[in-house]
>>> print(open('final02.txt').read())   # compact mmCIF, C-alpha atoms
# COMPACT_ATOMS: atom_id res chain seq x y z
CA MET J 1 17.38 -202.15 19.58
CA PRO J 2 15.23 -199.28 20.89
CA HIS J 3 16.50 -197.42 23.91
CA THR J 4 14.96 -194.75 26.09
CA LYS J 5 16.02 -192.50 28.91
CA THR J 6 14.51 -192.16 32.32
CA PRO J 7 10.84 -191.18 32.16
CA GLY J 8 10.25 -187.50 32.67
CA THR J 9 13.40 -186.36 30.85
CA GLY J 10 11.50 -185.65 27.65
CA ALA J 11 13.61 -188.07 25.63
CA ILE J 12 12.01 -189.66 22.59
CA PRO J 13 12.52 -193.40 22.13
CA ARG J 14 14.87 -193.89 19.22
CA SER J 15 15.58 -196.99 17.19
CA ARG J 16 18.99 -198.24 16.10
CA PRO J 17 20.35 -196.16 13.18
CA ARG J 18 20.20 -197.83 9.77
CA TRP J 19 23.08 -197.73 7.32
CA TRP J 20 20.83 -197.03 4.34
CA THR J 21 19.71 -193.77 5.95
CA GLU J 22 23.08 -192.80 7.44
CA LEU J 23 25.21 -193.35 4.34
CA PRO J 24 23.36 -190.84 2.10
CA ILE J 25 23.50 -188.24 4.90
CA ILE J 26 27.26 -188.63 5.33
CA VAL J 27 27.93 -188.62 1.59
CA LEU J 28 25.77 -185.51 1.12
CA VAL J 29 27.44 -183.63 3.97
CA TYR J 30 30.94 -184.50 2.77
CA ALA J 31 30.05 -183.55 -0.81
CA CYS J 32 28.75 -180.17 0.38
CA TYR J 33 31.86 -179.66 2.46
CA SER J 34 34.21 -180.54 -0.43
CA ALA J 35 32.31 -178.35 -2.89
CA GLY J 36 32.23 -175.45 -0.44
CA ARG J 37 35.96 -175.84 0.23
CA LEU J 38 36.64 -175.49 -3.48
CA LEU J 39 34.34 -172.51 -3.95
CA VAL J 40 35.92 -170.42 -1.19
CA ARG J 41 39.51 -170.45 -2.42
CA GLY J 42 39.92 -166.74 -1.77
CA ASP J 43 42.60 -164.42 -3.04
CA VAL J 44 46.14 -165.83 -3.13
CA SER J 45 47.73 -162.62 -1.87
CA ASP J 46 45.35 -162.57 1.11
CA ALA J 47 46.11 -166.22 1.84
CA VAL J 48 49.87 -165.57 1.76
CA GLY J 49 49.43 -162.54 4.00
CA HIS J 50 47.45 -164.55 6.54
CA GLY J 51 50.09 -167.29 6.54
CA LEU J 52 52.92 -164.81 7.16
CA ALA J 53 50.90 -163.16 9.93
CA ILE J 54 50.45 -166.51 11.68
CA LEU J 55 54.17 -167.18 11.34
CA ARG J 56 55.03 -163.81 12.92
CA ILE J 57 52.67 -164.46 15.83
CA GLU J 58 54.20 -167.85 16.47
CA LYS J 59 57.73 -166.47 16.43
CA ALA J 60 56.71 -163.76 18.87
CA LEU J 61 55.23 -166.41 21.18
CA PHE J 62 58.15 -168.82 20.67
CA LEU J 63 55.78 -171.43 19.23
CA ASN J 64 57.54 -171.93 15.92
CA ALA J 65 57.98 -175.71 15.91
CA GLU J 66 57.39 -176.02 12.16
CA HIS J 67 60.93 -175.13 11.05
CA PRO J 68 62.88 -177.73 13.08
CA LEU J 69 60.36 -180.48 12.32
CA ASN J 70 60.35 -179.65 8.61
CA ARG J 71 64.14 -179.67 8.45
CA LEU J 72 64.17 -183.06 10.19
CA PHE J 73 61.60 -184.60 7.82
CA THR J 74 63.41 -183.13 4.81
CA ARG J 75 66.80 -184.47 5.93
CA GLU J 76 65.62 -187.93 7.00
CA PRO J 77 63.58 -189.80 4.36
CA TRP J 78 62.80 -192.61 6.82
CA LEU J 79 60.75 -189.99 8.72
CA GLY J 80 59.59 -187.83 5.83
CA VAL J 81 58.18 -190.57 3.60
CA PRO J 82 56.02 -192.26 6.29
CA ALA J 83 54.88 -188.81 7.40
CA ASP J 84 53.72 -188.00 3.87
CA PHE J 85 51.84 -191.30 3.69
CA TRP J 86 50.31 -190.55 7.08
CA TYR J 87 49.16 -187.10 5.95
CA ALA J 88 47.88 -188.21 2.53
CA SER J 89 45.94 -191.31 3.61
CA LEU J 90 45.01 -191.76 7.28
CA HIS J 91 42.84 -188.65 7.31
CA TYR J 92 40.53 -190.38 4.83
CA LEU J 93 40.81 -193.92 6.21
CA VAL J 94 40.85 -193.75 10.00
CA THR J 95 37.98 -191.27 10.38
CA PRO J 96 35.37 -193.28 8.42
CA ALA J 97 36.66 -196.50 10.00
CA ILE J 98 36.07 -195.10 13.50
CA LEU J 99 32.65 -193.80 12.44
CA ILE J 100 31.65 -197.25 11.15
CA TRP J 101 32.98 -198.89 14.32
CA VAL J 102 30.90 -196.57 16.53
CA PHE J 103 27.87 -197.24 14.30
CA ARG J 104 28.21 -201.01 14.64
CA CYS J 105 29.47 -201.44 18.19
CA ARG J 106 28.35 -198.30 20.06
CA SER J 107 25.07 -197.52 18.35
CA ALA J 108 23.69 -195.66 21.37
CA ARG J 109 26.55 -193.14 21.00
CA TYR J 110 26.60 -192.98 17.22
CA ARG J 111 24.14 -190.17 16.56
CA ALA J 112 25.86 -187.73 18.92
CA ALA J 113 29.31 -188.72 17.61
CA ARG J 114 28.28 -188.26 13.99
CA THR J 115 26.61 -184.93 14.71
CA TRP J 116 29.70 -183.69 16.56
CA LEU J 117 31.95 -184.57 13.61
CA MET J 118 29.67 -182.96 11.02
CA THR J 119 29.04 -179.81 13.03
CA SER J 120 32.76 -179.27 13.56
CA THR J 121 33.45 -179.87 9.88
CA PHE J 122 31.03 -177.13 8.85
CA ILE J 123 32.59 -174.77 11.40
CA GLY J 124 35.93 -175.52 9.75
CA LEU J 125 34.43 -174.61 6.39
CA VAL J 126 33.46 -171.23 7.84
CA GLY J 127 37.09 -170.79 8.90
CA PHE J 128 38.32 -171.55 5.37
CA THR J 129 35.88 -168.94 4.05
CA LEU J 130 36.74 -166.16 6.47
CA LEU J 131 40.48 -166.78 6.71
CA PRO J 132 42.04 -168.33 3.59
CA THR J 133 45.59 -169.22 4.61
CA CYS J 134 48.63 -170.27 2.65
CA PRO J 135 50.32 -173.34 4.19
CA PRO J 136 54.03 -173.13 5.02
CA ARG J 137 55.03 -175.36 2.06
CA LEU J 138 53.61 -172.81 -0.44
CA LEU J 139 55.42 -169.80 1.01
CA ASP J 140 58.45 -168.41 -0.76
CA ALA J 141 61.57 -170.55 -0.26
CA SER J 142 63.18 -167.64 1.58
CA HIS J 143 60.98 -168.46 4.58
CA GLY J 144 62.83 -171.74 5.07
CA PHE J 145 60.17 -174.38 4.38
CA VAL J 146 60.45 -177.39 2.06
CA ASP J 147 57.41 -179.13 0.62
CA THR J 148 58.03 -182.75 1.60
CA MET J 149 55.00 -183.88 -0.41
CA ALA J 150 56.79 -182.62 -3.52
CA GLN J 151 60.20 -183.88 -2.40
CA TYR J 152 58.98 -187.43 -1.84
CA SER J 153 56.21 -187.53 -4.46
CA SER J 154 57.95 -190.34 -6.34
CA TYR J 155 57.34 -192.62 -3.34
CA GLY J 156 53.56 -192.18 -3.29
CA TRP J 157 50.48 -191.66 -5.39
CA TRP J 158 50.23 -187.93 -4.73
CA GLY J 159 51.60 -185.29 -7.04
CA GLY J 160 54.04 -182.50 -6.33
CA GLU J 161 51.35 -179.84 -5.87
CA ALA J 162 49.10 -181.41 -3.19
CA SER J 163 48.26 -184.56 -1.24
CA ALA J 164 45.55 -185.37 -3.80
CA PRO J 165 46.13 -188.21 -6.28
CA ARG J 166 48.59 -187.38 -9.05
CA GLY J 167 47.08 -185.00 -11.57
CA LEU J 168 44.18 -183.93 -9.34
CA GLY J 169 45.96 -181.27 -7.32
CA GLY J 170 44.07 -178.53 -9.14
CA MET J 171 40.80 -179.88 -7.75
CA THR J 172 41.78 -179.13 -4.14
CA ASN J 173 41.85 -175.89 -2.20
CA GLN J 174 45.47 -175.57 -1.16
CA TYR J 175 44.82 -172.35 0.76
CA ALA J 176 42.59 -173.94 3.40
CA ALA J 177 45.20 -174.34 6.12
CA MET J 178 43.30 -172.60 8.93
CA PRO J 179 41.92 -174.49 10.83
CA SER J 180 43.58 -177.89 10.40
CA LEU J 181 40.81 -180.47 10.09
CA HIS J 182 43.51 -183.13 9.82
CA VAL J 183 44.14 -182.38 13.48
CA GLY J 184 40.46 -181.83 14.26
CA TRP J 185 39.32 -185.15 12.82
CA ALA J 186 42.26 -186.96 14.46
CA LEU J 187 41.22 -185.47 17.80
CA TRP J 188 37.66 -186.72 17.25
CA CYS J 189 39.00 -190.21 16.49
CA GLY J 190 41.16 -190.08 19.61
CA VAL J 191 38.21 -189.16 21.82
CA MET J 192 36.10 -191.98 20.36
CA LEU J 193 38.86 -194.52 20.99
CA TRP J 194 39.54 -193.24 24.50
CA ARG J 195 35.90 -193.16 25.58
CA HIS J 196 34.54 -196.25 23.84
CA GLY J 197 37.56 -198.43 23.03
CA GLY J 198 37.39 -200.41 26.24
CA THR J 199 41.01 -201.64 26.12
CA ARG J 200 44.36 -200.11 27.00
CA THR J 201 45.50 -200.49 23.41
CA ALA J 202 42.53 -198.51 22.13
CA LYS J 203 43.08 -195.79 24.72
CA ALA J 204 46.78 -195.59 23.83
CA ALA J 205 45.87 -195.27 20.15
CA GLY J 206 43.39 -192.54 21.09
CA VAL J 207 46.28 -190.52 22.56
CA VAL J 208 48.99 -191.35 20.01
CA TYR J 209 47.00 -190.79 16.82
CA PRO J 210 46.14 -187.08 17.30
CA LEU J 211 49.56 -186.26 18.77
CA VAL J 212 51.42 -187.84 15.84
CA THR J 213 49.07 -186.09 13.43
CA VAL J 214 50.00 -182.71 14.93
CA ILE J 215 53.70 -183.49 14.41
CA VAL J 216 53.08 -184.75 10.86
CA VAL J 217 51.10 -181.72 9.65
CA MET J 218 53.88 -179.39 10.86
CA GLY J 219 56.82 -181.54 9.74
CA THR J 220 55.43 -181.87 6.21
CA ALA J 221 54.92 -178.06 6.12
CA ASN J 222 51.19 -178.41 5.51
CA HIS J 223 50.09 -176.51 8.63
CA TYR J 224 51.28 -174.07 11.24
CA PHE J 225 51.14 -174.88 14.92
CA LEU J 226 48.28 -172.37 15.35
CA ASP J 227 46.37 -174.24 12.60
CA ALA J 228 46.50 -177.31 14.82
CA VAL J 229 45.33 -175.28 17.81
CA ALA J 230 42.46 -173.89 15.73
CA GLY J 231 41.52 -177.43 14.62
CA ALA J 232 41.21 -178.49 18.26
CA ALA J 233 39.19 -175.35 19.04
CA VAL J 234 36.80 -176.11 16.17
CA MET J 235 36.19 -179.58 17.57
CA GLY J 236 35.52 -178.07 21.00
CA ALA J 237 32.98 -175.67 19.52
CA GLY J 238 31.33 -178.51 17.63
CA LEU J 239 31.08 -180.55 20.82
CA LEU J 240 29.36 -177.67 22.64
CA LEU J 241 26.91 -177.15 19.77
CA THR J 242 26.04 -180.82 19.33
CA PRO J 243 23.14 -180.91 21.89
CA PHE J 244 21.56 -177.85 20.26
CA VAL J 245 21.92 -179.37 16.78
CA LEU J 246 20.37 -182.64 17.97
CA ARG J 247 17.37 -180.86 19.54
CA THR J 248 16.87 -178.79 16.40
CA ALA J 249 17.00 -181.91 14.24
CA ASP J 250 14.45 -183.65 16.49
CA ARG J 251 12.05 -180.71 16.26
CA ALA J 252 12.44 -180.54 12.49
CA GLN J 253 11.85 -184.27 12.15
CA ALA J 254 8.72 -184.09 14.31
CA TRP J 255 7.40 -181.12 12.30
CA ILE J 256 8.00 -182.87 8.97
CA ALA J 257 6.32 -186.03 10.25
CA ALA J 258 3.30 -184.02 11.39
CA CYS J 259 3.03 -182.28 8.01
CA PHE J 260 3.06 -185.53 6.03
CA THR J 261 0.90 -187.62 8.36
CA PRO J 262 -2.64 -187.93 6.86
CA ARG J 263 -5.43 -186.76 9.12
CA SER J 264 -8.18 -189.33 9.83
CA ALA J 265 -11.85 -188.51 9.07
CA PRO J 266 -14.10 -187.64 12.05
CA ALA J 267 -15.97 -190.60 13.48
CA ALA J 268 -19.72 -190.91 12.78
CA PRO J 269 -22.06 -190.21 15.74
CA VAL J 270 -23.05 -193.32 17.65
CA PRO J 271 -26.80 -193.64 18.56
CA ASP J 272 -27.77 -194.15 22.17
CA GLY J 273 -27.54 -197.76 23.18
CA ALA J 274 -25.53 -198.79 20.12
CA GLY J 275 -22.90 -201.28 20.94
CA SER J 276 -24.47 -202.10 24.31
CA PRO J 277 -24.15 -205.78 25.23
CA ILE J 278 -27.68 -205.74 26.74
CA VAL J 279 -30.01 -203.61 24.64
CA SER J 280 -29.80 -203.66 20.87
CA GLY J 281 -31.14 -201.17 18.37
CA GLY J 282 -34.33 -203.24 17.89
CA CYS J 283 -35.24 -203.06 21.58
CA GLN J 284 -34.98 -206.81 21.94
CA THR J 285 -33.91 -208.37 25.16
CA SER J 286 -30.74 -210.39 25.42
CA ALA J 287 -30.60 -213.90 26.79
CA GLY J 288 -31.55 -214.11 30.46
CA ASP J 289 -33.34 -210.75 30.68
CA ARG J 290 -37.12 -210.47 31.37
CA PHE J 291 -39.64 -207.70 31.46
CA PRO J 292 -41.52 -207.03 34.72
CA ARG J 293 -44.36 -209.52 35.43
CA GLN J 294 -42.84 -211.91 32.90
CA ARG J 295 -43.49 -215.51 33.94
CA GLU J 296 -40.65 -217.97 33.95
CA GLN J 297 -41.21 -220.98 31.68
CA ARG J 298 -39.73 -224.38 32.46
CA PHE J 299 -39.43 -226.74 29.57
CA GLY J 300 -38.37 -229.89 31.38
CA ALA J 301 -40.13 -233.19 30.75
CA GLY J 302 -43.61 -233.22 32.32
CA ALA J 303 -43.16 -229.76 33.74
CA GLU J 304 -46.17 -227.41 33.96
CA PRO J 305 -46.22 -223.64 33.89
CA ASP J 306 -45.90 -222.02 37.31
CA PRO J 307 -49.36 -220.65 38.16
CA SER J 308 -47.87 -218.25 40.71
CA PRO J 309 -48.75 -214.64 39.97
CA SER J 310 -45.58 -213.49 41.66
CA ASP J 311 -43.01 -211.44 39.77
CA ALA J 312 -39.55 -212.62 39.09
CA GLY J 313 -37.62 -212.66 42.30
CA ASP J 314 -40.82 -213.07 44.49
CA GLU J 315 -40.13 -216.07 46.68
CA THR J 316 -43.69 -216.43 48.13
CA PRO J 317 -44.70 -220.13 47.80
CA ALA J 318 -47.76 -221.01 45.71
CA PRO J 319 -50.92 -222.17 47.65
CA ALA J 320 -51.21 -225.91 48.11
CA ARG J 321 -53.73 -227.80 45.97
>>> encode(input="final02.txt", output="structure tokens")
Amino acid sequence: MPHTKTPGTGAIPRSRPRWWTELPIIVLVYACYSAGRLLVRGDVSDAVGHGLAILRIEKALFLNAEHPLNRLFTREPWLGVPADFWYASLHYLVTPAILIWVFRCRSARYRAARTWLMTSTFIGLVGFTLLPTCPPRLLDASHGFVDTMAQYSSYGWWGGEASAPRGLGGMTNQYAAMPSLHVGWALWCGVMLWRHGGTRTAKAAGVVYPLVTVIVVMGTANHYFLDAVAGAAVMGAGLLLTPFVLRTADRAQAWIAACFTPRSAPAAPVPDGAGSPIVSGGCQTSAGDRFPRQREQRFGAGAEPDPSPSDAGDETPAPAR
């Protein structure tokens, strides 16, 4: 259903988004993101150095919550196994489910929501490129972390080297810990549920889901606390850039449409009087029109021509006979 804003705001009427145009865009963006994430693996020694630097900063700021959570998840399988399932699956299930829900039920908000998610994702890719970071689980064992994904790999489909399906760990970039898009995407889902859910249950889920995700990424030793903070910051930056991205996309769409719209041929000159309902090109009179001094003819039964010499409109009576 088309919707517009108040006249004078410069808004362009926009129709409801169509799935056959949205799906290729989303697939293309995610494919570019995944390929870019693989291509910017960076040097392993640099990634380890960045991870240890983050750990030192957290200890100095008394923010090191990863160690106690990781020890808890390692010691208690009833916490560690569900946490590994949470980390390995919900990131790829909940986010597209929320996107589809917004598309179907909140179509007026969909375009901005989708643009926010994609913009933040590309900002995260820039972070992976500039700051390759080794996650806690890949640090030397002397740093006190246990890889719960490897410890509980027999319970799930993932392998011991990553959260990817078994045997595909080599196809992922394991040194892309900063920022945490697990946390960033969960925060986006939480905002969508809080703003557009409409029920208390949806709002509660919008708060619980990102908070539990923060605990899970640290307890499974996949991210540092500062990774989670950076993930939230990336989503904030994407939210601020979304209006600019939307305006740029509108201008580009209008420019492309103007370039591919065929120009119509100039109209042929119209002669004077052409198309007039009274005078035609042959200078013939239309019905009911008379030239000056034209006598009115009556064609009734037994009627005779009016011998009056008066012009049309002259009401002087004829002389009596």
>>> atom_distance(input="final02.txt", atom1="atom CA of J:Ala176", atom2="atom CA of J:Ala47")
8.6 Å
>>> atom_distance(input="final02.txt", atom1="atom CA of J:Met178", atom2="atom CA of J:Tyr30")
18.2 Å
>>> closest_residue(input="final02.txt", among="J:Ala113, J:Val234, J:Leu125, J:Leu55", to="J:Cys32", atoms="only C-alpha atoms")
J:Leu125
>>> closest_residue(input="final02.txt", among="J:Leu226, J:Ala257, J:Leu246, J:Val216", to="J:Arg56", atoms="all atoms listed in the file")
J:Leu226
>>> residues_around(input="final02.txt", residues="J:Met218", least_positions_apart="2", cutoff="10 Å", atoms="all atoms listed in the file", output="VMD selection string")
chain J and resid 64 to 70 73 135 to 137 213 to 216 220 to 225 227 to 228
>>> residues_near_point(input="final02.txt", point="(40.6, -190.9, 17.9)", cutoff="9 Å", atoms="all atoms listed in the file", output="JSON, numbers by chain")
{"J": [94, 95, 98, 185, 186, 187, 188, 189, 190, 191, 192, 193, 194, 202, 203, 205, 206, 207, 208, 209, 210]}
>>> atom_distance(input="final02.txt", atom1="atom CA of J:Ala53", atom2="atom CA of J:Met149")
23.5 Å
>>> closest_residue(input="final02.txt", among="J:Val29, J:Leu99, J:Leu241, J:Leu52", to="J:Arg111", atoms="only C-alpha atoms")
J:Leu99
>>> residues_around(input="final02.txt", residues="J:Trp86", least_positions_apart="3", cutoff="10 Å", atoms="all atoms listed in the file", output="ChimeraX atom specification")
/J:80-83,89-91,212-213,216-217
>>> closest_residue(input="final02.txt", among="J:Gly124, J:Pro132, J:Gly219, J:Gly238", to="J:Tyr87", atoms="all atoms listed in the file")
J:Gly219
>>> closest_residue(input="final02.txt", among="J:Val146, J:Leu72, J:Ile26, J:Ala88", to="J:His182", atoms="all atoms listed in the file")
J:Ala88
>>> closest_residue(input="final02.txt", among="J:Leu139, J:Gly197, J:Phe85, J:Pro179", to="J:Ser154", atoms="only C-alpha atoms")
J:Phe85
>>> decode(input="final02.txt", residues="stretch 140-152 of chain J", atoms="all heavy atoms", output="mmCIF file, in the first residue's frame")
data_model
loop_
_atom_site.group_PDB
_atom_site.id
_atom_site.type_symbol
_atom_site.label_atom_id
_atom_site.label_comp_id
_atom_site.auth_asym_id
_atom_site.auth_seq_id
_atom_site.Cartn_x
_atom_site.Cartn_y
_atom_site.Cartn_z
ATOM 1 N N ASP J 140 46.669 -18.728 23.862
ATOM 2 C CA ASP J 140 47.379 -19.823 24.522
ATOM 3 C C ASP J 140 46.665 -20.212 25.815
ATOM 4 O O ASP J 140 46.089 -19.367 26.514
ATOM 5 C CB ASP J 140 48.822 -19.393 24.813
ATOM 6 C CG ASP J 140 49.665 -20.526 25.326
ATOM 7 O OD1 ASP J 140 50.183 -21.307 24.508
ATOM 8 O OD2 ASP J 140 49.790 -20.637 26.572
ATOM 9 N N ALA J 141 46.695 -21.507 26.140
ATOM 10 C CA ALA J 141 45.981 -22.009 27.321
ATOM 11 C C ALA J 141 46.447 -21.347 28.599
ATOM 12 O O ALA J 141 45.711 -21.321 29.602
ATOM 13 C CB ALA J 141 46.153 -23.522 27.419
ATOM 14 N N SER J 142 47.656 -20.779 28.591
ATOM 15 C CA SER J 142 48.170 -20.124 29.787
ATOM 16 C C SER J 142 47.364 -18.892 30.172
ATOM 17 O O SER J 142 47.460 -18.423 31.310
ATOM 18 C CB SER J 142 49.637 -19.723 29.579
ATOM 19 O OG SER J 142 49.751 -18.815 28.482
ATOM 20 N N HIS J 143 46.546 -18.387 29.261
ATOM 21 C CA HIS J 143 45.730 -17.207 29.557
ATOM 22 C C HIS J 143 44.416 -17.574 30.230
ATOM 23 O O HIS J 143 43.644 -16.687 30.601
ATOM 24 C CB HIS J 143 45.459 -16.418 28.275
ATOM 25 C CG HIS J 143 46.701 -15.817 27.679
ATOM 26 N ND1 HIS J 143 47.325 -14.715 28.214
ATOM 27 C CD2 HIS J 143 47.438 -16.197 26.602
ATOM 28 C CE1 HIS J 143 48.394 -14.420 27.486
ATOM 29 N NE2 HIS J 143 48.487 -15.307 26.504
ATOM 30 N N GLY J 144 44.155 -18.854 30.416
ATOM 31 C CA GLY J 144 43.047 -19.290 31.247
ATOM 32 C C GLY J 144 41.702 -19.446 30.563
ATOM 33 O O GLY J 144 40.676 -19.528 31.248
ATOM 34 N N PHE J 145 41.670 -19.529 29.246
ATOM 35 C CA PHE J 145 40.388 -19.685 28.541
ATOM 36 C C PHE J 145 40.267 -21.096 27.972
ATOM 37 O O PHE J 145 41.252 -21.692 27.525
ATOM 38 C CB PHE J 145 40.255 -18.672 27.403
ATOM 39 C CG PHE J 145 40.076 -17.259 27.867
ATOM 40 C CD1 PHE J 145 41.132 -16.370 27.827
ATOM 41 C CD2 PHE J 145 38.853 -16.813 28.353
ATOM 42 C CE1 PHE J 145 40.979 -15.063 28.255
ATOM 43 C CE2 PHE J 145 38.687 -15.509 28.789
ATOM 44 C CZ PHE J 145 39.763 -14.630 28.742
ATOM 45 N N VAL J 146 39.033 -21.607 27.967
ATOM 46 C CA VAL J 146 38.725 -22.914 27.386
ATOM 47 C C VAL J 146 37.723 -22.713 26.265
ATOM 48 O O VAL J 146 36.730 -21.992 26.421
ATOM 49 C CB VAL J 146 38.151 -23.875 28.454
ATOM 50 C CG1 VAL J 146 37.716 -25.193 27.806
ATOM 51 C CG2 VAL J 146 39.160 -24.115 29.556
ATOM 52 N N ASP J 147 37.990 -23.347 25.134
ATOM 53 C CA ASP J 147 37.089 -23.254 23.988
ATOM 54 C C ASP J 147 35.914 -24.204 24.212
ATOM 55 O O ASP J 147 36.022 -25.412 24.005
ATOM 56 C CB ASP J 147 37.845 -23.619 22.710
ATOM 57 C CG ASP J 147 37.013 -23.403 21.454
ATOM 58 O OD1 ASP J 147 35.810 -23.078 21.584
ATOM 59 O OD2 ASP J 147 37.556 -23.563 20.353
ATOM 60 N N THR J 148 34.790 -23.660 24.644
ATOM 61 C CA THR J 148 33.630 -24.521 24.908
ATOM 62 C C THR J 148 33.055 -25.118 23.632
ATOM 63 O O THR J 148 32.430 -26.183 23.671
ATOM 64 C CB THR J 148 32.528 -23.737 25.637
ATOM 65 O OG1 THR J 148 32.073 -22.665 24.814
ATOM 66 C CG2 THR J 148 33.048 -23.171 26.955
ATOM 67 N N MET J 149 33.240 -24.440 22.490
ATOM 68 C CA MET J 149 32.759 -24.997 21.228
ATOM 69 C C MET J 149 33.489 -26.303 20.920
ATOM 70 O O MET J 149 32.898 -27.244 20.396
ATOM 71 C CB MET J 149 32.968 -24.002 20.085
ATOM 72 C CG MET J 149 32.306 -22.642 20.288
ATOM 73 S SD MET J 149 30.503 -22.703 20.293
ATOM 74 C CE MET J 149 30.161 -23.161 18.615
ATOM 75 N N ALA J 150 34.785 -26.349 21.258
ATOM 76 C CA ALA J 150 35.539 -27.589 21.066
ATOM 77 C C ALA J 150 35.212 -28.602 22.150
ATOM 78 O O ALA J 150 35.102 -29.810 21.883
ATOM 79 C CB ALA J 150 37.030 -27.283 21.059
ATOM 80 N N GLN J 151 35.019 -28.150 23.386
ATOM 81 C CA GLN J 151 34.744 -29.062 24.485
ATOM 82 C C GLN J 151 33.423 -29.803 24.295
ATOM 83 O O GLN J 151 33.324 -30.993 24.592
ATOM 84 C CB GLN J 151 34.722 -28.285 25.802
ATOM 85 C CG GLN J 151 34.410 -29.143 27.017
ATOM 86 C CD GLN J 151 34.440 -28.332 28.307
ATOM 87 O OE1 GLN J 151 34.904 -27.200 28.334
ATOM 88 N NE2 GLN J 151 33.944 -28.921 29.390
ATOM 89 N N TYR J 152 32.421 -29.078 23.786
ATOM 90 C CA TYR J 152 31.090 -29.682 23.635
ATOM 91 C C TYR J 152 30.736 -29.941 22.168
ATOM 92 O O TYR J 152 29.558 -30.038 21.819
ATOM 93 C CB TYR J 152 30.033 -28.758 24.242
ATOM 94 C CG TYR J 152 30.219 -28.487 25.722
ATOM 95 C CD1 TYR J 152 30.365 -27.192 26.191
ATOM 96 C CD2 TYR J 152 30.240 -29.531 26.633
ATOM 97 C CE1 TYR J 152 30.532 -26.936 27.546
ATOM 98 C CE2 TYR J 152 30.404 -29.294 27.994
ATOM 99 C CZ TYR J 152 30.553 -27.988 28.442
ATOM 100 O OH TYR J 152 30.729 -27.746 29.789
#
